[in-house]
Structure formats: C-alpha cells, structure tokens
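Data block for final.cif (mmCIF, C-alpha atoms and all ligand atoms):
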data_model
#
loop_
_atom_site.label_atom_id
_atom_site.label_comp_id
_atom_site.auth_asym_id
_atom_site.auth_seq_id
_atom_site.Cartn_x
_atom_site.Cartn_y
_atom_site.Cartn_z
CA MET A 1 90.81 105.50 109.84
CA SER A 2 90.41 109.23 109.52
CA ALA A 3 90.68 110.90 106.12
CA LYS A 4 92.07 113.88 108.10
CA ASP A 5 94.99 111.88 109.49
CA PRO A 6 98.09 113.44 107.84
CA LEU A 7 99.54 109.96 107.40
CA TYR A 8 96.51 108.81 105.41
CA GLU A 9 96.54 112.07 103.48
CA LEU A 10 100.16 111.57 102.41
CA ILE A 11 99.45 107.99 101.35
CA SER A 12 96.40 109.12 99.36
CA LYS A 13 98.31 111.88 97.60
CA LEU A 14 101.23 109.73 96.52
CA PRO A 15 101.06 108.35 92.99
CA LYS A 16 101.40 104.58 93.22
CA ALA A 17 101.55 101.41 91.16
CA GLU A 18 99.59 98.38 92.28
CA LEU A 19 101.49 95.26 91.25
CA HIS A 20 99.74 92.45 93.13
CA LEU A 21 96.01 92.50 92.66
CA HIS A 22 93.69 89.69 91.59
CA LEU A 23 90.74 91.12 89.67
CA GLU A 24 88.60 88.25 90.94
CA GLY A 25 89.64 89.26 94.46
CA THR A 26 87.99 92.66 93.98
CA LEU A 27 84.54 91.10 93.69
CA GLU A 28 82.64 92.91 96.43
CA PRO A 29 79.71 91.02 98.05
CA GLU A 30 77.18 93.46 96.51
CA MET A 31 78.34 92.70 92.96
CA MET A 32 78.68 88.98 93.71
CA LEU A 33 75.05 88.69 94.84
CA GLU A 34 73.77 90.92 92.03
CA LYS A 35 75.59 88.90 89.35
CA ALA A 36 74.57 85.58 90.91
CA LYS A 37 70.92 86.66 90.81
CA LYS A 38 71.16 87.89 87.21
CA ASN A 39 72.87 84.67 86.05
CA GLY A 40 70.76 82.25 88.11
CA VAL A 41 73.80 81.03 90.08
CA LYS A 42 73.01 79.58 93.52
CA LEU A 43 75.31 80.76 96.33
CA PRO A 44 75.02 79.65 99.97
CA TYR A 45 74.53 83.21 101.27
CA GLY A 46 71.31 84.84 102.52
CA GLY A 47 72.57 88.43 102.05
CA ILE A 48 75.52 90.80 102.16
CA GLU A 49 76.11 90.40 105.89
CA ASP A 50 76.06 86.65 105.49
CA VAL A 51 78.84 86.91 102.90
CA ARG A 52 80.93 89.18 105.11
CA ARG A 53 80.48 86.84 108.08
CA ALA A 54 81.89 83.99 106.01
CA TYR A 55 85.14 85.91 105.40
CA ARG A 56 87.09 84.48 108.33
CA PHE A 57 89.99 82.47 107.01
CA ARG A 58 92.15 79.86 108.65
CA ASP A 59 94.69 79.73 105.86
CA LEU A 60 95.18 80.20 102.11
CA GLN A 61 93.03 77.21 101.13
CA SER A 62 90.04 78.27 103.24
CA PHE A 63 90.16 81.64 101.45
CA LEU A 64 90.58 80.09 98.00
CA ASP A 65 87.47 77.94 98.54
CA LEU A 66 85.32 81.08 98.96
CA TYR A 67 87.17 82.98 96.22
CA TYR A 68 86.42 80.27 93.63
CA LEU A 69 82.83 80.02 94.87
CA GLY A 70 82.45 83.80 94.47
CA VAL A 71 83.74 83.88 90.88
CA SER A 72 81.07 81.38 89.82
CA SER A 73 78.68 84.37 89.80
CA LEU A 74 80.57 85.83 86.78
CA VAL A 75 79.36 84.51 83.46
CA ASP A 76 79.28 86.91 80.50
CA GLU A 77 81.58 89.53 79.03
CA GLN A 78 79.69 92.36 80.72
CA ASP A 79 80.27 90.71 84.12
CA PHE A 80 84.04 90.69 83.57
CA PHE A 81 83.92 94.24 82.28
CA ASP A 82 81.96 95.42 85.34
CA LEU A 83 84.28 93.61 87.76
CA ALA A 84 87.44 95.06 86.22
CA TYR A 85 86.08 98.57 85.67
CA ALA A 86 84.85 98.85 89.26
CA TYR A 87 88.37 98.04 90.44
CA PHE A 88 90.05 100.51 88.06
CA LYS A 89 87.69 103.24 89.28
CA ARG A 90 88.47 102.49 92.89
CA ALA A 91 92.21 102.28 92.22
CA ALA A 92 92.22 105.59 90.34
CA SER A 93 90.37 107.20 93.27
CA GLN A 94 93.27 106.07 95.50
CA ASN A 95 95.81 107.62 93.13
CA VAL A 96 96.97 104.35 91.60
CA ARG A 97 98.47 105.45 88.28
CA ARG A 98 99.57 102.03 87.09
CA ALA A 99 97.83 98.72 87.80
CA GLU A 100 99.41 95.44 86.74
CA VAL A 101 96.57 93.13 87.58
CA PHE A 102 96.15 89.36 87.70
CA PHE A 103 93.28 87.37 86.32
CA ASP A 104 92.69 83.60 86.55
CA PRO A 105 91.38 82.26 83.21
CA GLN A 106 91.19 78.65 84.44
CA ALA A 107 88.86 79.64 87.30
CA HIS A 108 86.38 80.40 84.52
CA THR A 109 87.24 78.07 81.64
CA ARG A 110 87.01 75.04 83.96
CA ARG A 111 83.34 75.88 84.56
CA GLY A 112 82.61 76.27 80.86
CA ILE A 113 83.22 80.00 80.29
CA ASP A 114 85.11 80.89 77.11
CA PHE A 115 88.62 82.31 77.46
CA GLY A 116 87.53 85.01 74.98
CA THR A 117 84.59 86.08 77.17
CA VAL A 118 86.92 86.69 80.11
CA ILE A 119 89.71 88.50 78.29
CA LYS A 120 87.42 90.62 76.12
CA GLY A 121 85.49 91.95 79.12
CA ILE A 122 88.67 92.72 81.07
CA HIS A 123 90.46 94.23 78.07
CA LYS A 124 87.55 96.56 77.28
CA ALA A 125 87.51 97.75 80.89
CA ALA A 126 91.28 98.36 80.75
CA VAL A 127 91.00 100.41 77.55
CA LYS A 128 88.15 102.50 78.99
CA ALA A 129 90.04 103.00 82.27
CA GLU A 130 93.14 104.20 80.41
CA GLU A 131 91.03 106.62 78.36
CA GLU A 132 88.75 107.93 81.09
CA LEU A 133 90.45 107.45 84.44
CA GLY A 134 94.08 108.28 83.70
CA ILE A 135 95.30 104.91 84.95
CA SER A 136 97.67 102.74 82.95
CA VAL A 137 96.93 99.01 82.97
CA GLY A 138 98.87 95.79 82.36
CA LEU A 139 97.17 92.38 82.43
CA ILE A 140 98.94 89.35 83.92
CA MET A 141 97.39 85.97 83.28
CA CYS A 142 97.91 83.56 86.18
CA PHE A 143 98.01 79.78 85.96
CA LEU A 144 96.29 77.91 88.78
CA ARG A 145 99.16 75.87 90.21
CA ASP A 146 96.86 73.22 91.73
CA MET A 147 95.70 72.29 88.22
CA PRO A 148 97.81 70.10 85.91
CA GLU A 149 100.63 71.47 83.78
CA SER A 150 98.69 70.44 80.66
CA SER A 151 95.84 72.79 81.59
CA ALA A 152 98.29 75.69 82.03
CA MET A 153 99.83 74.94 78.62
CA GLU A 154 96.38 74.85 77.03
CA THR A 155 95.56 78.19 78.67
CA LEU A 156 98.76 79.67 77.29
CA GLU A 157 97.80 78.46 73.79
CA GLN A 158 94.40 80.14 74.15
CA ALA A 159 96.07 83.38 75.22
CA LEU A 160 98.25 83.59 72.10
CA GLN A 161 95.26 84.78 70.11
CA TYR A 162 95.14 87.81 72.43
CA ARG A 163 98.90 88.17 72.78
CA SER A 164 99.02 91.96 72.49
CA TRP A 165 96.46 92.42 75.28
CA ILE A 166 98.45 90.47 77.87
CA LEU A 167 101.64 91.72 79.50
CA GLY A 168 102.73 88.67 81.44
CA VAL A 169 102.09 85.35 83.10
CA GLY A 170 101.91 84.53 86.80
CA LEU A 171 101.35 81.57 89.10
CA ASP A 172 98.81 81.51 91.92
CA SER A 173 96.39 79.36 93.96
CA LYS A 174 97.42 76.62 96.44
CA GLU A 175 101.19 76.95 96.81
CA LEU A 176 102.15 74.09 99.14
CA GLY A 177 102.55 70.89 97.12
CA ASN A 178 102.58 72.78 93.81
CA PRO A 179 106.16 74.01 93.34
CA PRO A 180 107.24 76.27 90.48
CA SER A 181 109.17 73.37 88.89
CA LYS A 182 105.79 71.90 87.86
CA PHE A 183 105.44 74.83 85.43
CA GLU A 184 109.00 75.20 84.15
CA ARG A 185 108.08 74.24 80.56
CA VAL A 186 104.98 76.45 80.49
CA PHE A 187 106.94 79.47 81.68
CA ARG A 188 109.74 78.82 79.19
CA ARG A 189 107.19 78.80 76.41
CA ALA A 190 105.54 81.96 77.77
CA ARG A 191 108.89 83.78 77.98
CA ASP A 192 109.71 82.67 74.43
CA GLU A 193 106.44 84.30 73.36
CA GLY A 194 107.56 87.54 75.03
CA PHE A 195 105.44 87.45 78.19
CA ILE A 196 107.12 88.74 81.33
CA ALA A 197 107.07 86.20 84.18
CA VAL A 198 106.10 86.63 87.83
CA ALA A 199 105.01 84.06 90.41
CA HIS A 200 103.55 83.77 93.89
CA ALA A 201 106.32 82.20 95.93
CA GLY A 202 107.21 82.00 99.60
CA GLU A 203 103.69 82.99 100.63
CA GLU A 204 102.93 79.78 102.55
CA ALA A 205 105.70 77.53 101.17
CA PRO A 206 109.39 77.56 102.12
CA ALA A 207 112.30 79.45 100.53
CA GLU A 208 112.99 76.46 98.28
CA TYR A 209 109.90 77.41 96.23
CA VAL A 210 111.29 80.92 95.76
CA TRP A 211 114.62 79.49 94.57
CA GLU A 212 112.69 77.55 91.94
CA ALA A 213 110.69 80.61 90.87
CA VAL A 214 113.93 82.56 90.40
CA LYS A 215 116.05 79.85 88.80
CA LEU A 216 113.50 77.84 86.80
CA LEU A 217 110.74 80.33 86.01
CA ARG A 218 113.12 83.32 85.77
CA VAL A 219 110.64 85.65 87.35
CA ALA A 220 111.02 89.43 87.11
CA ARG A 221 109.21 89.88 90.45
CA ILE A 222 108.25 87.64 93.33
CA ASP A 223 104.69 87.86 94.65
CA HIS A 224 104.65 87.80 98.49
CA GLY A 225 108.10 86.25 99.12
CA TYR A 226 107.92 86.32 102.94
CA HIS A 227 109.87 83.07 103.36
CA ILE A 228 112.87 84.47 101.48
CA LEU A 229 114.00 85.86 104.83
CA ASP A 230 114.36 82.32 106.25
CA ASP A 231 117.27 81.71 103.87
CA PRO A 232 120.26 84.08 104.11
CA ILE A 233 121.75 83.04 100.77
CA LEU A 234 118.46 83.59 98.96
CA THR A 235 118.03 86.89 100.79
CA ASN A 236 121.42 87.98 99.45
CA LYS A 237 120.55 86.90 95.94
CA VAL A 238 117.26 88.81 95.98
CA ILE A 239 119.11 91.89 97.25
CA GLN A 240 121.93 91.60 94.72
CA ASP A 241 119.62 90.97 91.76
CA LYS A 242 117.23 93.67 93.01
CA ILE A 243 114.25 91.37 92.49
CA PRO A 244 111.16 93.32 93.60
CA LEU A 245 108.74 91.75 96.07
CA THR A 246 105.01 92.44 95.88
CA THR A 247 104.02 92.10 99.52
CA CYS A 248 100.40 92.24 100.71
CA PRO A 249 100.08 93.11 104.42
CA LEU A 250 96.33 92.73 105.04
CA SER A 251 96.34 89.50 103.02
CA ALA A 252 99.19 88.06 105.09
CA LEU A 253 97.34 89.06 108.24
CA LYS A 254 93.90 87.72 107.26
CA LEU A 255 95.34 84.42 105.97
CA ASN A 256 97.35 83.98 109.16
CA HIS A 257 100.68 84.00 107.35
CA ILE A 258 102.00 86.85 109.49
CA THR A 259 100.19 87.93 112.68
CA PRO A 260 99.90 90.38 114.25
CA LEU A 261 100.55 93.07 111.66
CA ASN A 262 103.40 94.58 113.68
CA ARG A 263 105.46 91.55 112.58
CA PHE A 264 105.06 92.39 108.90
CA PRO A 265 108.66 92.48 107.61
CA VAL A 266 108.53 95.32 105.11
CA LYS A 267 110.68 97.64 107.22
CA ILE A 268 113.25 94.88 107.63
CA MET A 269 113.20 94.33 103.87
CA LEU A 270 113.82 98.05 103.28
CA LYS A 271 116.70 98.08 105.77
CA LEU A 272 118.30 95.09 104.05
CA GLY A 273 118.22 96.82 100.67
CA MET A 274 115.44 94.71 99.18
CA VAL A 275 112.79 96.23 96.90
CA PRO A 276 109.45 95.56 98.63
CA THR A 277 106.18 97.08 97.46
CA ILE A 278 102.78 97.28 99.19
CA ASN A 279 99.70 95.84 97.49
CA SER A 280 96.18 94.69 98.29
CA ASP A 281 96.01 91.15 96.75
CA ASP A 282 92.25 90.46 97.17
CA PRO A 283 90.87 93.66 98.70
CA ALA A 284 87.19 92.62 98.71
CA TYR A 285 88.14 89.72 100.99
CA PHE A 286 90.87 91.21 103.17
CA GLY A 287 89.31 94.49 104.24
CA GLY A 288 91.27 97.14 102.37
CA TYR A 289 92.48 98.51 99.07
CA ILE A 290 96.02 99.82 98.54
CA ASN A 291 95.79 102.94 100.69
CA GLU A 292 94.40 100.96 103.62
CA ASN A 293 97.25 98.47 103.22
CA PHE A 294 99.80 101.30 103.39
CA TYR A 295 98.02 102.98 106.28
CA GLU A 296 97.45 99.95 108.51
CA THR A 297 101.01 98.76 107.94
CA ALA A 298 102.49 102.20 108.58
CA LYS A 299 100.63 102.40 111.90
CA ALA A 300 101.47 98.85 112.94
CA ILE A 301 105.21 98.93 112.24
CA GLY A 302 105.93 102.64 112.43
CA LEU A 303 106.78 103.49 108.84
CA THR A 304 108.20 106.99 108.48
CA TYR A 305 107.16 109.43 105.75
CA GLU A 306 110.43 108.57 104.07
CA ASP A 307 109.72 104.81 104.23
CA ILE A 308 106.30 105.43 102.69
CA ALA A 309 107.79 107.48 99.88
CA VAL A 310 110.39 104.77 99.21
CA LEU A 311 107.64 102.14 99.05
CA ALA A 312 105.65 104.26 96.59
CA LYS A 313 108.80 104.77 94.50
CA ASN A 314 109.56 101.05 94.62
CA SER A 315 106.14 100.35 93.12
CA ILE A 316 106.92 102.63 90.17
CA ILE A 317 110.45 101.24 89.72
CA ALA A 318 109.23 97.63 89.93
CA SER A 319 106.44 98.22 87.40
CA PHE A 320 106.80 97.53 83.69
CA LEU A 321 106.14 101.12 82.67
CA PRO A 322 108.51 102.70 80.14
CA TYR A 323 111.36 104.67 81.77
CA TYR A 324 110.03 108.14 80.86
CA ARG A 325 106.73 107.43 82.64
CA LYS A 326 108.67 106.14 85.64
CA ILE A 327 110.75 109.32 85.78
CA ASP A 328 107.63 111.52 85.69
CA LEU A 329 105.98 109.57 88.50
CA LEU A 330 109.16 109.48 90.62
CA ASN A 331 109.44 113.27 90.28
CA GLU A 332 105.81 113.60 91.26
CA ILE A 333 106.42 111.53 94.39
CA ASP A 334 109.33 113.82 95.35
CA ASN A 335 107.09 116.86 94.92
CA VAL A 336 104.30 115.38 97.04
CA VAL A 337 106.75 114.48 99.82
CA GLN A 338 108.32 117.97 99.76
CA SER A 339 104.96 119.65 100.08
CA SER A 340 103.80 117.26 102.84
CA ILE A 341 106.73 117.56 105.24
CA PRO A 342 105.20 118.96 108.44
N1 LIG A 401 94.64 83.77 94.37
C1 LIG A 401 94.08 84.91 94.81
N2 LIG A 401 94.78 85.38 95.86
C2 LIG A 401 95.81 84.52 96.08
C3 LIG A 401 96.87 84.47 97.01
N3 LIG A 401 97.08 85.40 97.94
N4 LIG A 401 97.72 83.43 96.95
C4 LIG A 401 97.56 82.49 96.03
N5 LIG A 401 96.58 82.49 95.14
C5 LIG A 401 95.71 83.50 95.14
ZN ZN A 402 98.03 87.05 95.25
#
Kindly transcribe the structure held in the file into structure tokens.
Amino acid sequence: MSAKDPLYELISKLPKAELHLHLEGTLEPEMMLEKAKKNGVKLPYGGIEDVRRAYRFRDLQSFLDLYYLGVSSLVDEQDFFDLAYAYFKRAASQNVRRAEVFFDPQAHTRRGIDFGTVIKGIHKAAVKAEEELGISVGLIMCFLRDMPESSAMETLEQALQYRSWILGVGLDSKELGNPPSKFERVFRRARDEGFIAVAHAGEEAPAEYVWEAVKLLRVARIDHGYHILDDPILTNKVIQDKIPLTTCPLSALKLNHITPLNRFPVKIMLKLGMVPTINSDDPAYFGGYINENFYETAKAIGLTYEDIAVLAKNSIIASFLPYYRKIDLLNEIDNVVQSSIP
C-alpha cells in the first residue's frame, strides 16, 4: 500500500474508534520472542521468520492454538503493560481516538498468572495512553467460551475487585459447540454489576448463536456477526434494534471465514441499514491494523469515500463514549471528509 494513495490518506486522517481488538492478538513476533527469552519460556520457533511462517491458518481453532501459545510468553505486570502500551501507541498513530479493547484473563490465570498482574499492567498502560497519547480507552474482559461456566463465574468474581477499571464483558475463543446459552447466568450477573455486554457470535457458528447472544446475553454489540445474513428475521431484528456489528475483514479472510475479500459483506450491511464497523481483531496475526483493514476492504469491495466516512462514524456511534465526545468526533469526521473531496 502507498501512503500517498488518497484513499489511504483519507482513512488515516479520519478519527476512528476500534471496537474489536484483542490485546493478546497485538503481540508481535518480536515482543513474543523477547518476552519468552526474558521469562525463560520455551517456544517452538527459531526466530521471527519462523513465527511468521507459522501464521497460516485453516480455521479459527488453528489460529487459537498459536494465539494461546504466544501469550504464554507474558508473565509479569510489565509484560502486560508493554503489550497494551505498544498497541495504544500504534492505534493512536493510526488516528484511533477511542479503543474498546478485549483481554482474556483466563488465558493467563489458567497457567498460574494472577488476575491482578494482568489487569494492573493493562490498566496502567490505559491510563498512560489516555494521558500521553490522546486516546480514550475502555477495557472489555472476555470469557473463554471453551472453558466451563464455573471458570467464567470465578473470573467475574475476581474482576469485581477492579470493577471501576473494566467497562464490559465479552465472549470469545472457540465458538462452535460453545453457544451463548452456556453463559447466560454469568452475563446476567455481569449486567447486574453494571458491565456492558458484548459477544463474538456468528463468526463461525450459525445465526442461532447470534439469536442467543441477543436474547439471552442481551448484548449491546455483536462481534463479527457474519452469519446474521443467513437469517432474514434476525437480519431484520438487528436492523430494527440498530445493534452494531464489529466486523474484522482481514481476520475473516485469514481464518477462511470469508474468502476472497471481495465477498466481505460490509457494503451489503450498509445498504441494508445495519450498523457495521471495521476492526482489526488480532492484527499481529492477520497482517494489518485498523487502517489496513479499511484500506484492503475498500479496494476489494469498492467502498466509496462516503461509505468509508459512514463506517468511521458508525465506530464512534457504536462506542460507549459519552454523547458530547461522540458529537465532537462526528463533526471532526465531517470536516475531514469535506476537506478531502477531490
Ligand atoms: N480470540 C482472539 N481472536 C478471536 C476471534 N477472532 N474469535 C474468537 N476468539 C478470539
Ligand atoms: Zn475477536
């Protein structure tokens, strides 16, 4: 991609919110190997190129296997701080003004790392990023859906001590075979405690899983949501209730959910009156941060300048920022578009 391409320039200039980003998925091979060495963790890679060569995925599970292997290099509070701060820096450099980011406590607690170690490192990075980078941050704690409900409930209990640092709860990991209904009680408890709820749904599993996320988990946004389009009644509901979708084009491509990229349905979603957003999911693994996701998708499916502006606006509208911050950012998007029209 060329930084001189007017399309990339517009995307770069637009203020954006990133709403679907796993902090652990921003672990670049360089940091992974450096942390593994520091912490004496053995990884089956000879060097950076070896790691990159391994990043060819058949499906979600084949990616998750490497993702969980990679996170084993993270051990102390400083590691979590460094991971998160590196992402915030990168996001700010791409004009992300608001990042509502996921983290996976169980991926760490199940290998003996304290919940406090994880959240303290990430929280400190978020505070520093807000002070020094001009980016606003919200933390969303995800439950690993392939672990038992009891483990999710225990994780929620651990989080209560840090309640004011955490915006919401989410649901990720292996979707097929682990429907939202498995976590209905955990999400009810989380909502009662004031957490907002989101969930990965309809990424690899059918529309039925999205119905459950909406009806049982009462999610405020759906992460991915591609299979909504298979069900016309669900499609109508998502349109009528204006439930935002956090789609991730390069992720869907690299995990073979939607190939080639010119089949990515974000333009269809816009036409139907849905509220899709563009996000990077696990950028260290899928070959691009948010601007690359916008750019590659725009080229593949022919997004217009107007489509791109609507997608940027959707990200602000679908965020959990207070309304006066949303208004400022929406005005800023209008100004950028006005000054960029050829
Ligand atoms: N964990 C990290 N990335 C994920 C994805 N795309 N789907 C489910 N779980 C994940
Ligand atoms: Zn995800």
* To do: Would you please work out which residue, of A:Tyr55, A:Phe195, A:Phe102, A:Phe143, is nearest to ligand ZN 402 (chain A) when using only C-alpha atoms and all ligand atoms?
  =>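 Ranked by minimum distance to ligand ZN 402 (chain A), first place goes to A:Phe102.
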* To do: Select the residues contacting ligand ZN 402 (chain A) at a distance of at most 12 Å, based on all atoms listed in the file, then format the selection as a ChimeraX atom specification.
  => /A:18-26,60,63-64,67,101-104,140,142-144,170-175,198-204,222-225,245-252,255,278-283,285-286
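The space between CA of Arg263 (chain A) and CA of Glu28 (chain A) spans 28.0 Å.
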* Spatial neighbours of Arg218 (chain A), max dist 10 Å, only C-alpha atoms, sep filter under 3 positions, as a list in words ->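 Close residues of Arg218 (chain A): Glu184, Phe187, Arg188, Arg191, Ile196, Ala197, Val198, Ala199, Trp211, Glu212, Ala213, Val214, Lys215, Arg221 and Ile222 of chain A.
Each of A:Ala284, A:Ala152, A:Leu234, A:Ile341 was compared to ligand LIG 401 (chain A) using only C-alpha atoms and all ligand atoms, and A:Ala284 turns out to be the nearest.
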* Asked: Which neighbours of Ala84 (chain A) fall inside 7 Å, counting only C-alpha atoms, when residues of the same chain fewer than 4 positions from it are skipped, and could you give them as a ChimeraX atom specification?
  -> /A:23,80,88,122,125
Can I get the selection written as a PDB file, keeping the file's coordinate frame, with C-alpha atoms?
ATOM      1  CA  LEU A  23      90.740  91.120  89.670  1.00  0.00           C
ATOM      2  CA  PHE A  80      84.040  90.690  83.570  1.00  0.00           C
ATOM      3  CA  PHE A  88      90.050 100.510  88.060  1.00  0.00           C
ATOM      4  CA  ILE A 122      88.670  92.720  81.070  1.00  0.00           C
ATOM      5  CA  ALA A 125      87.510  97.750  80.890  1.00  0.00           C
TER       6      ALA A 125
END
Return as AutoDock Vina command-line options the centre and edge lengths, in Å with one decimal, of the box along x, y and z that encloses every atom of ligand LIG 401 (chain A) in the file, padded by 4 Å per side.
--center_x 95.9 --center_y 83.9 --center_z 96.2 --size_x 11.6 --size_y 10.9 --size_z 11.6
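Summary of the local environment: counting only C-alpha atoms, residues at most 8 Å from Ser340 (chain A), other than itself and those fewer than 3 positions away along its chain, are Leu10, Val336 and Val337 of chain A.
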* Atomic separation - CA of Gly138 (chain A) relative to CA of Ala99 (chain A), Å ->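 Answer for the CA of Ala99 (chain A) to CA of Gly138 (chain A) separation: 6.3 Å.
For the pair CA of Ala54 (chain A) and CA of Lys37 (chain A), the interatomic distance is 18.9 Å.
Every protein, DNA or RNA residue with an atom at most 9 Å from region 110-118 of chain A, where all atoms listed in the file count and chain neighbours fewer than 2 positions away do not, is listed here: Ser72, Val75, Asp76, Glu77, Gln78, Asp79, Phe80, Phe81, Phe103, Pro105, Gln106, Ala107, His108, Lys120, Gly121, Ile122, His123, Thr155, Gln158, Ala159 and Tyr162 of chain A.
Comparing A:Asp146, A:Leu311, A:Asn95, A:Tyr305 by their smallest distance to Leu14 (chain A), the closest is A:Asn95 (using only C-alpha atoms).
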